[in-house]
Amino acid sequence: MTMLQKSLETNLTRPGALRRQEENAALLFLSPYLIGLVVLVIGPILATLALSFTNWNLLTPPVFVGTANFQKMFFDDPDFWQSIRVTLYYTALAVPLHMIVGLGVSLLLNTEVKGIGIFRTVFFLPSVLSSVAVAVLWLMLLNPDLGAVNALLRAIGIADPPGWLNSREWSVPAVVWISLWSISVDVIIYLAGLKNIPPILYEAATLDGANAWQKLIHITIPMLSSTLLFTLITGLIYSFQVFDVAYLLGGRSAGRGKSLLFFLINLWNEGFRNGRFGYASALAWVLILGAGIAIVLTFWVSNRFVYYENE
């Protein structure tokens, strides 16, 4: 009997020892990830929680101030409330628009016509572009005097087109419009959900005399409800994290009258421009708690409307 056979027989007769060996091997291979998780994720999160109760400018030791940062935030900081208004306004516009446009485009791309694969590829290409490059491109296109967008609007008879990024009223809608450039990710998700709907449901509806609109309302949307919930959650999370495009479009002043002062831009200004890292940490925790509450409420409401296949 070889040494390998003896080792296998020994392990088979001692399942507890074999299980411990497998667990130790798994922990060994997982250790780089676990160490990185603790050092680079959990540690900084706990550090920001502690710093939120201090005044710290990165150069001197933190000074404990209790809840002073939160009191200043809610009662003596107009920029905080402006960032809340801008972020919620963007969320109210962008999230429903992304879902509606994404679903509409996916329904068109789900049709079986010649060359549909080319159109799917073309719609997906913008998502691989750098957000910085996209922002610079739209900054030129939305120029109120020389931009192509207003030139087109004047050509079709609109004598006084919007000022877009130079306007307090149109700056956030302009960012929402630009965000549609990356709608292709949602389109791919909806396409996957549409492919998962059994064709027999549409065949039965056709036999019952249902038209395209009735099929959409009574079959497609209910069967896509879990997918719609997923894109709703991811859309909410993204809307709370708008930074790079808005910062490039609005500049250091966050647009005219701080009309593009999104929450993360305000947080970045407080930390890296004003040197108030304790206050910025408090802002970060308000953002985390606010986003968490919004997501929990969304899940709670979704229990009444979302259909899962295993139900």
# chains A, B, ... in the order shown; residues from 1 in each chain; ligands from 1
call {"tool": "residues_around", "arguments": {"residues": "segment 219-226 of chain A", "least_positions_apart": "2", "cutoff": "12 Å", "atoms": "only C-alpha atoms", "output": "ChimeraX atom specification"}}
result
/A:99-100,103-104,106-107,189-206,210-217,228-233,299,302-311
call {"tool": "select_by_dssp", "arguments": {"residues": "segment 212-252 of chain A", "states": "helix (DSSP H, G or I)", "output": "JSON, numbers by chain"}}
result
{"A": [212, 213, 214, 215, 216, 217, 218, 219, 220, 221, 222, 223, 225, 226, 227, 228, 229, 230, 231, 232, 233, 234, 235, 236, 237, 238, 239, 244, 245, 246, 247, 248, 249, 250]}
call {"tool": "write_last_selection", "arguments": {"atoms": "C-alpha atoms", "output": "compact mmCIF listing (two decimals), in the first residue's frame"}}
result
# COMPACT_ATOMS: atom_id res chain seq x y z
CA ALA A 212 -49.18 45.11 -26.99
CA TRP A 213 -50.01 47.61 -24.23
CA GLN A 214 -51.97 45.01 -22.23
CA LYS A 215 -49.10 42.55 -22.57
CA LEU A 216 -46.69 45.17 -21.26
CA ILE A 217 -48.85 46.08 -18.25
CA HIS A 218 -50.05 42.60 -17.27
CA ILE A 219 -47.10 40.39 -18.26
CA THR A 220 -43.84 42.23 -18.92
CA ILE A 221 -43.81 44.65 -15.98
CA PRO A 222 -45.00 42.12 -13.35
CA MET A 223 -42.47 39.54 -14.55
CA SER A 225 -40.68 43.56 -11.10
CA SER A 226 -37.65 42.04 -9.37
CA THR A 227 -35.37 43.43 -12.08
CA LEU A 228 -37.02 46.84 -11.76
CA LEU A 229 -36.43 46.70 -8.01
CA PHE A 230 -32.75 45.96 -8.59
CA THR A 231 -32.31 48.90 -10.96
CA LEU A 232 -34.27 51.12 -8.57
CA ILE A 233 -31.93 50.25 -5.68
CA THR A 234 -28.78 50.71 -7.75
CA GLY A 235 -30.18 53.96 -9.17
CA LEU A 236 -30.83 55.31 -5.68
CA ILE A 237 -27.33 54.37 -4.55
CA TYR A 238 -25.76 56.04 -7.58
CA SER A 239 -27.86 59.21 -7.19
CA ASP A 244 -17.14 63.50 -10.80
CA VAL A 245 -19.41 64.65 -13.64
CA ALA A 246 -21.13 67.33 -11.51
CA TYR A 247 -17.78 68.60 -10.21
CA LEU A 248 -16.35 68.90 -13.70
CA LEU A 249 -19.47 70.64 -14.99
CA GLY A 250 -19.98 72.99 -12.05
call {"tool": "atom_distance", "arguments": {"atom1": "atom CA of Ile118 of chain A", "atom2": "atom CA of Ile183 of chain A"}}
result
16.9 Å
call {"tool": "residues_around", "arguments": {"residues": "Gly290 of chain A", "least_positions_apart": "2", "cutoff": "12 Å", "atoms": "only C-alpha atoms", "output": "PyMOL selection string"}}
result
chain A and resi 84+87-88+236-237+240+263+283-288+292-297
call {"tool": "atom_distance", "arguments": {"atom1": "atom CA of Pro96 of chain A", "atom2": "atom CA of Ser171 of chain A"}}
result
18.2 Å
call {"tool": "closest_residue", "arguments": {"among": "A:Asn150, A:Ser281, A:Asn274, A:Ser184", "to": "Leu109 of chain A", "atoms": "only C-alpha atoms"}}
result
A:Ser184
call {"tool": "residues_around", "arguments": {"residues": "Ala254 of chain A", "least_positions_apart": "6", "cutoff": "12 Å", "atoms": "only C-alpha atoms", "output": "list in words"}}
result
Asp79, Gln82, Ser83, Val86, Leu165, Asn166, Ser167, Arg168, Ser171, Val172, Phe243, Asp244, Val245, Ala246, Tyr247, Leu248, Leu260, Leu261, Phe262, Phe263, Leu264, Ile265, Asn266, Trp268 and Asn269 of chain A
call {"tool": "write_last_selection", "arguments": {"atoms": "C-alpha atoms", "output": "PDB file, in the first residue's frame"}}
result
ATOM      1  CA  ASP A  79     -24.624  74.390   2.310  1.00  0.00           C
ATOM      2  CA  GLN A  82     -28.560  73.018  -0.292  1.00  0.00           C
ATOM      3  CA  SER A  83     -26.687  69.770  -0.984  1.00  0.00           C
ATOM      4  CA  VAL A  86     -29.822  69.274  -5.055  1.00  0.00           C
ATOM      5  CA  LEU A 165     -25.083  74.701 -16.859  1.00  0.00           C
ATOM      6  CA  ASN A 166     -25.108  78.511 -16.595  1.00  0.00           C
ATOM      7  CA  SER A 167     -28.660  78.456 -15.270  1.00  0.00           C
ATOM      8  CA  ARG A 168     -29.783  77.620 -11.743  1.00  0.00           C
ATOM      9  CA  SER A 171     -28.188  72.801 -14.333  1.00  0.00           C
ATOM     10  CA  VAL A 172     -29.530  69.722 -12.513  1.00  0.00           C
ATOM     11  CA  PHE A 243     -19.555  63.611  -7.861  1.00  0.00           C
ATOM     12  CA  ASP A 244     -17.144  63.502 -10.798  1.00  0.00           C
ATOM     13  CA  VAL A 245     -19.408  64.653 -13.635  1.00  0.00           C
ATOM     14  CA  ALA A 246     -21.128  67.327 -11.511  1.00  0.00           C
ATOM     15  CA  TYR A 247     -17.776  68.597 -10.207  1.00  0.00           C
ATOM     16  CA  LEU A 248     -16.345  68.896 -13.702  1.00  0.00           C
ATOM     17  CA  LEU A 260     -24.732  71.740  -8.558  1.00  0.00           C
ATOM     18  CA  LEU A 261     -23.701  71.388  -4.926  1.00  0.00           C
ATOM     19  CA  PHE A 262     -24.373  67.654  -4.631  1.00  0.00           C
ATOM     20  CA  PHE A 263     -23.901  66.003  -1.252  1.00  0.00           C
ATOM     21  CA  LEU A 264     -20.560  64.391  -2.091  1.00  0.00           C
ATOM     22  CA  ILE A 265     -19.245  67.653  -3.530  1.00  0.00           C
ATOM     23  CA  ASN A 266     -20.137  69.414  -0.285  1.00  0.00           C
ATOM     24  CA  TRP A 268     -15.315  66.892  -0.467  1.00  0.00           C
ATOM     25  CA  ASN A 269     -15.238  70.680  -0.055  1.00  0.00           C
TER      26      ASN A 269
END
call {"tool": "atom_distance", "arguments": {"atom1": "atom CA of Val187 of chain A", "atom2": "atom CA of Ala94 of chain A"}}
result
15.0 Å
call {"tool": "closest_residue", "arguments": {"among": "A:Gln241, A:Asn143, A:Thr67, A:Asn24", "to": "Pro162 of chain A", "atoms": "only C-alpha atoms"}}
result
A:Asn143
call {"tool": "closest_residue", "arguments": {"among": "A:Ala159, A:Ala135, A:Ala17, A:Leu30", "to": "Gly251 of chain A", "atoms": "only C-alpha atoms"}}
result
A:Ala135
call {"tool": "closest_residue", "arguments": {"among": "A:Phe124, A:Phe272, A:Phe53, A:Trp81", "to": "Lys258 of chain A", "atoms": "only C-alpha atoms"}}
result
A:Trp81
call {"tool": "closest_residue", "arguments": {"among": "A:Gly147, A:Leu207, A:Leu125, A:Gly157", "to": "Trp181 of chain A", "atoms": "only C-alpha atoms"}}
result
A:Leu125
call {"tool": "closest_residue", "arguments": {"among": "A:Leu97, A:Ala282, A:Leu289, A:Ile45", "to": "Lys72 of chain A", "atoms": "only C-alpha atoms"}}
result
A:Ala282
call {"tool": "select_by_dssp", "arguments": {"residues": "segment 10-234 of chain A", "states": "strand (DSSP E or B)", "output": "list in words"}}
result
Thr54, Asn55, Val63 and Phe64 of chain A
call {"tool": "write_last_selection", "arguments": {"atoms": "C-alpha atoms", "output": "tab-separated table (two decimals), in the first residue's frame"}}
result
chain	number	residue	atom	x	y	z
A	54	THR	CA	-13.99	65.49	16.61
A	55	ASN	CA	-12.43	68.56	15.04
A	63	VAL	CA	-10.10	67.22	19.39
A	64	PHE	CA	-13.25	65.60	20.76
